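To be precise, the following lines are input07.cif, and they hold mmCIF, C-alpha atoms.
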data_input
#
loop_
_atom_site.label_atom_id
_atom_site.label_comp_id
_atom_site.auth_asym_id
_atom_site.auth_seq_id
_atom_site.Cartn_x
_atom_site.Cartn_y
_atom_site.Cartn_z
CA MET F 11 172.07 108.39 -81.77
CA ASP F 12 168.68 106.73 -81.30
CA ARG F 13 168.14 103.31 -79.73
CA ALA F 14 167.31 101.50 -83.00
CA ILE F 15 170.62 102.58 -84.54
CA ALA F 16 172.50 101.64 -81.38
CA ARG F 17 170.89 98.17 -81.39
CA ALA F 18 171.72 97.63 -85.07
CA ILE F 19 175.35 98.65 -84.52
CA HIS F 20 175.60 96.34 -81.51
CA ALA F 21 174.18 93.45 -83.63
CA SER F 22 176.52 94.14 -86.54
CA PRO F 23 179.59 91.91 -86.99
CA LEU F 24 181.14 94.83 -88.91
CA PHE F 25 180.14 98.03 -87.11
CA ALA F 26 180.11 96.82 -83.48
CA GLY F 27 183.06 98.27 -81.58
CA THR F 28 183.71 101.26 -83.84
CA ARG F 29 182.42 104.78 -83.27
CA PHE F 30 181.77 106.97 -86.30
CA ASP F 31 181.40 110.72 -86.05
CA GLU F 32 177.63 111.31 -86.09
CA SER F 33 178.15 114.13 -88.60
CA ALA F 34 179.40 111.47 -91.07
CA ILE F 35 176.34 109.24 -90.90
CA ARG F 36 172.76 109.66 -92.00
CA THR F 37 169.67 107.50 -92.18
CA GLU F 38 167.09 106.81 -94.86
CA THR F 39 163.64 105.25 -94.66
CA LEU F 40 162.76 103.05 -97.65
CA ARG F 41 159.37 101.69 -98.64
CA LYS F 42 158.64 98.00 -99.21
CA GLY F 43 159.67 96.91 -102.72
CA ARG F 44 162.20 99.74 -103.14
CA LEU F 45 165.36 98.88 -105.07
CA LEU F 46 168.59 100.26 -103.67
CA ASP F 47 172.31 100.26 -104.32
CA ASP F 48 175.33 101.71 -102.56
CA MET F 49 175.06 105.04 -104.42
CA ARG F 50 172.91 107.32 -102.28
CA GLY F 51 172.68 110.51 -104.30
CA SER F 52 176.19 111.32 -105.53
CA CYS F 53 177.92 109.59 -102.63
CA ALA F 54 178.92 105.89 -102.51
CA CYS F 55 178.03 104.55 -99.07
CA VAL F 56 178.32 101.54 -96.81
CA GLY F 57 174.89 100.72 -95.42
CA LEU F 58 173.69 99.13 -92.18
CA ILE F 59 170.13 97.82 -91.83
CA VAL F 60 168.54 99.44 -88.77
CA GLU F 61 164.97 98.23 -89.27
CA GLY F 62 163.34 95.82 -91.75
CA ALA F 63 164.66 93.22 -94.19
CA ILE F 64 166.30 93.32 -97.62
CA ASP F 65 166.55 90.53 -100.21
CA VAL F 66 169.60 90.19 -102.46
CA TYR F 67 169.06 88.94 -106.02
CA SER F 68 171.19 88.03 -109.00
CA VAL F 69 169.50 88.88 -112.29
CA ALA F 70 170.23 86.84 -115.43
CA ALA F 71 170.41 88.33 -118.92
CA ASP F 72 166.86 87.09 -119.61
CA GLY F 73 165.56 88.87 -116.50
CA PHE F 74 165.19 85.72 -114.38
CA GLU F 75 165.86 86.53 -110.72
CA VAL F 76 167.65 84.21 -108.30
CA LYS F 77 167.48 85.11 -104.64
CA LEU F 78 170.96 84.91 -103.12
CA ALA F 79 170.50 86.05 -99.55
CA GLU F 80 168.30 87.73 -96.97
CA LEU F 81 169.63 90.65 -94.93
CA GLY F 82 168.20 91.79 -91.62
CA ILE F 83 168.91 94.15 -88.73
CA GLY F 84 172.66 94.48 -88.19
CA ASP F 85 173.59 93.28 -91.70
CA SER F 86 175.58 95.51 -94.05
CA PHE F 87 175.53 96.22 -97.76
CA GLY F 88 177.84 98.06 -100.14
CA ILE F 89 180.97 96.53 -98.61
CA CYS F 90 182.11 93.92 -101.15
CA ASN F 91 183.38 96.52 -103.63
CA LEU F 92 184.75 98.87 -100.99
CA CYS F 93 188.23 98.68 -102.53
CA SER F 94 187.03 98.57 -106.12
CA GLU F 95 185.03 100.88 -108.37
CA ARG F 96 183.42 97.89 -110.09
CA ALA F 97 179.66 97.77 -109.66
CA LEU F 98 178.26 94.57 -108.15
CA PRO F 99 175.95 92.48 -110.39
CA THR F 100 173.30 92.14 -107.70
CA VAL F 101 169.97 93.78 -106.95
CA LEU F 102 168.83 94.71 -103.43
CA ARG F 103 165.08 94.97 -102.82
CA CYS F 104 163.35 95.92 -99.58
CA ARG F 105 161.22 92.96 -98.50
CA THR F 106 159.63 95.20 -95.86
CA ALA F 107 159.72 98.88 -95.13
CA CYS F 108 163.31 99.56 -94.07
CA ARG F 109 165.46 102.08 -92.31
CA VAL F 110 169.18 102.11 -93.09
CA MET F 111 172.21 103.94 -91.72
CA LEU F 112 174.69 105.18 -94.31
CA VAL F 113 178.39 105.98 -94.00
CA PRO F 114 180.27 107.43 -97.00
CA LYS F 115 182.74 104.83 -98.30
CA ALA F 116 185.56 107.38 -98.22
CA ARG F 117 184.94 107.99 -94.50
CA PHE F 118 184.60 104.26 -93.82
CA MET F 119 187.93 103.58 -95.58
CA ALA F 120 189.65 106.39 -93.66
CA THR F 121 188.36 104.99 -90.37
CA MET F 122 189.48 101.47 -91.32
CA GLU F 123 193.01 102.73 -92.09
CA SER F 124 193.37 103.91 -88.48
CA ASP F 125 191.33 101.15 -86.80
CA ALA F 126 192.98 97.73 -87.16
CA GLU F 127 190.08 95.98 -85.40
CA LEU F 128 187.59 97.38 -87.91
CA ALA F 129 189.85 96.26 -90.77
CA LEU F 130 190.01 92.76 -89.29
CA ARG F 131 186.22 92.64 -88.85
CA TYR F 132 185.80 93.79 -92.44
CA ALA F 133 188.09 90.98 -93.67
CA ARG F 134 186.17 88.44 -91.56
CA VAL F 135 182.78 89.59 -92.87
CA CYS F 136 184.03 89.42 -96.48
CA ASN F 137 185.40 85.91 -95.88
CA GLU F 138 182.05 84.80 -94.49
CA LYS F 139 180.26 86.28 -97.51
CA ILE F 140 182.60 84.41 -99.86
CA ALA F 141 181.99 81.12 -98.03
CA PHE F 142 178.22 81.70 -98.07
CA LEU F 143 178.15 82.51 -101.79
CA ILE F 144 180.22 79.42 -102.62
CA GLY F 145 177.58 77.37 -100.81
CA ARG F 146 174.79 79.13 -102.76
CA ILE F 147 176.60 78.45 -106.04
CA GLU F 148 176.75 74.75 -105.12
CA GLU F 149 173.02 74.76 -104.34
CA LEU F 150 172.11 76.51 -107.60
CA ALA F 151 174.34 74.21 -109.65
CA GLN F 152 172.47 71.10 -108.51
CA ALA F 153 170.90 69.25 -111.39
CA THR F 154 167.17 69.31 -110.71
CA SER F 155 164.50 71.29 -108.93
CA ALA F 156 163.76 68.20 -106.83
CA VAL F 157 167.30 68.00 -105.45
CA LYS F 158 167.38 71.75 -104.78
CA LEU F 159 164.14 71.65 -102.81
CA GLU F 160 164.99 68.48 -100.90
CA THR F 161 168.43 69.82 -99.95
CA TYR F 162 166.86 73.07 -98.80
CA LEU F 163 164.32 71.23 -96.62
CA CYS F 164 167.02 69.09 -94.99
CA GLU F 165 169.29 72.06 -94.30
CA HIS F 166 166.57 74.36 -92.92
CA ALA F 167 164.46 71.96 -90.82
CA ASP F 168 164.58 72.61 -87.06
CA GLU F 169 164.82 69.89 -84.41
CA ASN F 170 161.12 69.12 -84.87
CA GLY F 171 161.39 68.88 -88.65
CA ILE F 172 159.65 72.23 -89.20
CA VAL F 173 160.84 74.29 -92.18
CA ARG F 174 159.68 77.88 -91.81
CA ILE F 175 159.71 79.66 -95.17
CA GLU F 176 160.59 83.35 -95.10
CA GLY F 177 158.35 85.36 -97.41
CA THR F 178 156.16 83.70 -100.04
CA ARG F 179 156.50 80.52 -102.06
CA ASP F 180 157.49 82.79 -104.96
CA ASP F 181 160.38 84.04 -102.82
CA LEU F 182 161.42 80.44 -102.12
CA ALA F 183 161.32 79.61 -105.84
CA ARG F 184 163.61 82.58 -106.57
CA TYR F 185 165.93 81.54 -103.74
CA LEU F 186 166.20 78.02 -105.18
CA GLY F 187 166.56 79.30 -108.74
CA ILE F 188 163.58 77.34 -110.04
CA SER F 189 160.21 78.33 -111.47
CA ARG F 190 157.14 78.74 -109.27
CA SER F 191 155.35 75.90 -111.06
CA ALA F 192 158.33 73.57 -110.56
CA LEU F 193 158.37 74.38 -106.85
CA PHE F 194 154.67 73.61 -106.43
CA ARG F 195 155.02 70.36 -108.41
CA GLN F 196 157.88 69.19 -106.21
CA ILE F 197 156.08 70.10 -102.97
CA ALA F 198 153.01 68.19 -104.17
CA ARG F 199 155.18 65.18 -105.05
CA LEU F 200 156.88 65.19 -101.64
CA LYS F 201 153.49 65.36 -99.93
CA GLU F 202 152.24 62.39 -101.95
CA GLU F 203 155.37 60.44 -101.00
CA GLY F 204 154.89 61.28 -97.32
CA VAL F 205 158.16 63.19 -97.12
CA VAL F 206 156.54 66.48 -96.07
CA CYS F 207 153.17 67.73 -94.83
CA SER F 208 151.74 71.19 -94.32
CA HIS F 209 152.24 72.85 -90.93
CA GLY F 210 150.39 76.15 -91.15
CA ARG F 211 152.43 78.35 -93.49
CA ALA F 212 155.44 76.11 -92.89
CA LEU F 213 156.29 72.57 -93.98
CA ARG F 214 157.04 69.64 -91.70
CA LEU F 215 159.70 67.16 -92.80
CA CYS F 216 158.15 63.77 -91.96
CA ARG F 217 161.10 61.71 -93.13
CA ALA F 218 164.38 62.41 -94.86
CA PRO F 219 164.18 62.51 -98.67
CA ARG F 220 166.45 60.19 -100.65
CA LEU F 221 169.12 62.62 -101.79
CA PRO F 222 171.91 61.60 -104.16
CA ARG F 223 175.07 60.42 -102.41
CA SER F 224 176.99 63.60 -103.29
CA ASN F 225 174.50 65.67 -101.34
CA GLU F 226 174.33 63.22 -98.43
CA ALA F 227 178.10 63.45 -98.09
CA ARG F 228 177.92 67.22 -97.78
#

What does the file become when written as structure tokens?
Amino acid sequence: MDRAIARAIHASPLFAGTRFDESAIRTETLRKGRLLDDMRGSCACVGLIVEGAIDVYSVAADGFEVKLAELGIGDSFGICNLCSERALPTVLRCRTACRVMLVPKARFMATMESDAELALRYARVCNEKIAFLIGRIEELAQATSAVKLETYLCEHADENGIVRIEGTRDDLARYLGISRSALFRQIARLKEEGVVCSHGRALRLCRAPRLPRSNEAR
């Protein structure tokens, strides 16, 4: 097992602590922009990101994409329907060139049946995913693009008020579930109001925006 795989396993809240027979795992290298699912050939697999980053999208009936999450080294995919044959209504796209480790779901399930610690880690990871997605649903259900952006800025600013945006502004618009033009209008408005200013490719939060009470309470 090479060092990159060992590091990814060590960083994984799911895989760390469990040894899989090396004959049961394989790796794939994926180009930037590649779409992937948990079916690798004819075999359904659980995947672990060894190198690179993957974005998770929900796609509406009209084709509009909403970015749900960002996965990096040590994160897993193909686990939420491990006990179900139902396909997940999400799209995974490689934000960068990626390398992934794959374990057949049947082998993963067999290992989990004999490894109580792995089963407990699996339950914990699924619980964390549920909690995260509930939070994303709350964000996406907010009434206006202004509230979505302002909430995002408040929640992602570091101790110096810097909000570092992963990817492009288009990626941020998809993450917030708003159009690119709406995002740029709201950023321009916040700059005019002195709420934010540019800080290289990032934004600096100069003062807290006036969010509705329901968001302040959260």

Practice prompt. Excluding Ala212 (chain F) and residues on its chain fewer than 3 positions from it, collect all residues at most 7 Å away from it, counting all atoms listed in the file, and give them as a PyMOL selection string.
Written response: chain F and resi 172-175+208-209

Could you tell me which residues the PyMOL selection byres ((chain F and resi 114) around 8) returns for this structure, as a PDB file with C-alpha atoms, keeping the file's coordinate frame?
ATOM      1  CA  ALA F  34     179.400 111.470 -91.070  1.00  0.00           C
ATOM      2  CA  ILE F  35     176.340 109.240 -90.900  1.00  0.00           C
ATOM      3  CA  CYS F  53     177.920 109.590-102.630  1.00  0.00           C
ATOM      4  CA  ALA F  54     178.920 105.890-102.510  1.00  0.00           C
ATOM      5  CA  CYS F  55     178.030 104.550 -99.070  1.00  0.00           C
ATOM      6  CA  VAL F  56     178.320 101.540 -96.810  1.00  0.00           C
ATOM      7  CA  LEU F 112     174.690 105.180 -94.310  1.00  0.00           C
ATOM      8  CA  VAL F 113     178.390 105.980 -94.000  1.00  0.00           C
ATOM      9  CA  LYS F 115     182.740 104.830 -98.300  1.00  0.00           C
ATOM     10  CA  ALA F 116     185.560 107.380 -98.220  1.00  0.00           C
ATOM     11  CA  ARG F 117     184.940 107.990 -94.500  1.00  0.00           C
ATOM     12  CA  PHE F 118     184.600 104.260 -93.820  1.00  0.00           C
TER      13      PHE F 118
END

Item to complete: Rank F:Met111, F:Lys77, F:Glu160, F:Ser86 by their smallest atom-to-atom distance to Met11 (chain F), using all atoms listed in the file, and report the top residue only.
Response: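 Among the listed residues, F:Met111 lies closest to Met11 (chain F).
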
Sorted by chain and rising residue number, list the residues of region 52-158 of chain F at most 10 Å from region 187-191 of chain F (counting only C-alpha atoms), each with its closest atom pair and distance in Å to one decimal, as a Markdown table.
| residue | atom | partner | partner_atom | distance |
| --- | --- | --- | --- | --- |
| F:Ser68 | CA | F:Gly187 | CA | 9.9 |
| F:Phe74 | CA | F:Gly187 | CA | 8.7 |
| F:Glu75 | CA | F:Gly187 | CA | 7.5 |
| F:Val76 | CA | F:Gly187 | CA | 5.0 |
| F:Lys77 | CA | F:Gly187 | CA | 7.2 |
| F:Leu78 | CA | F:Gly187 | CA | 9.1 |
| F:Glu149 | CA | F:Gly187 | CA | 9.0 |
| F:Leu150 | CA | F:Gly187 | CA | 6.3 |
| F:Ala151 | CA | F:Gly187 | CA | 9.3 |
| F:Thr154 | CA | F:Ile188 | CA | 8.8 |
| F:Ser155 | CA | F:Ile188 | CA | 6.2 |
| F:Ala156 | CA | F:Ile188 | CA | 9.7 |
| F:Lys158 | CA | F:Ile188 | CA | 8.6 |

Practice prompt. Could you jot down the CA of Pro219 (chain F) to CA of Cys207 (chain F) separation for me, Å, one decimal place?
Written response: 12.8 Å

Item to complete: May I ask for the distance between CA of Ile83 (chain F) and CA of Ala18 (chain F), given in Å to one decimal place?
Response: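 Interatomic distance, CA of Ile83 (chain F) to CA of Ala18 (chain F): 5.8 Å.
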
Worksheet item: Which value, in Å to one decimal, gives the distance between CA of Cys136 (chain F) and CA of Gly177 (chain F)?
Response: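 So the answer is 26.0 Å.
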
Practice prompt. Quick one: apply the PyMOL selection byres ((chain F and resi 27) around 12) to the file and drop the selected residues here as an MDAnalysis selection string.
Written response: chainID F and resid 16 18:26 28:30 125:131

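The shortest atom-to-atom distance to Phe142 (chain F), with all atoms listed in the file taken into account, belongs to F:Glu80 out of F:Glu80, F:Lys42, F:Leu58, F:Ser94.
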
Worksheet item: Any chance you could work out the residue set of the PyMOL selection byres ((chain F and resi 106) around 6) here, as a PyMOL selection string?
Response: chain F and resi 42+62-63+104-105+107-108

Resulting file, chosen residues, C-alpha atoms, as a CSV table (one decimal), in the coordinates of the input:
chain,number,residue,atom,x,y,z
F,42,LYS,CA,158.6,98.0,-99.2
F,62,GLY,CA,163.3,95.8,-91.8
F,63,ALA,CA,164.7,93.2,-94.2
F,104,CYS,CA,163.4,95.9,-99.6
F,105,ARG,CA,161.2,93.0,-98.5
F,107,ALA,CA,159.7,98.9,-95.1
F,108,CYS,CA,163.3,99.6,-94.1

Item to complete: Find the residue from F:Arg195, F:Arg103, F:Arg214, F:Arg179 that sits nearest to Arg44 (chain F); use only C-alpha atoms when measuring.
Response: F:Arg103

Exercise on region 56-72 of chain F, axis-aligned box with 5 Å per side, report centre and edge lengths in Å to one decimal, as JSON:
{"center_x": 170.8, "center_y": 94.2, "center_z": -104.2, "size_x": 25.0, "size_y": 24.7, "size_z": 40.8}

Worksheet item: Contacts of Ala79 (chain F) at 10 Å or less, counting only C-alpha atoms, minus same-chain residues fewer than 6 places along, as a ChimeraX atom specification?
Response: /F:64-68,102,139,142-143,146,185

Worksheet item: Taking all atoms listed in the file into account, which of F:Glu32, F:Leu159, F:Val110, F:Asp47 comes nearest Leu98 (chain F)?
Response: F:Asp47

Worksheet entry | Nearest to Leu81 (chain F) by atom-to-atom distance, counting only C-alpha atoms, from F:Glu176, F:Met119, F:Gly171, F:Arg134 | F:Glu176
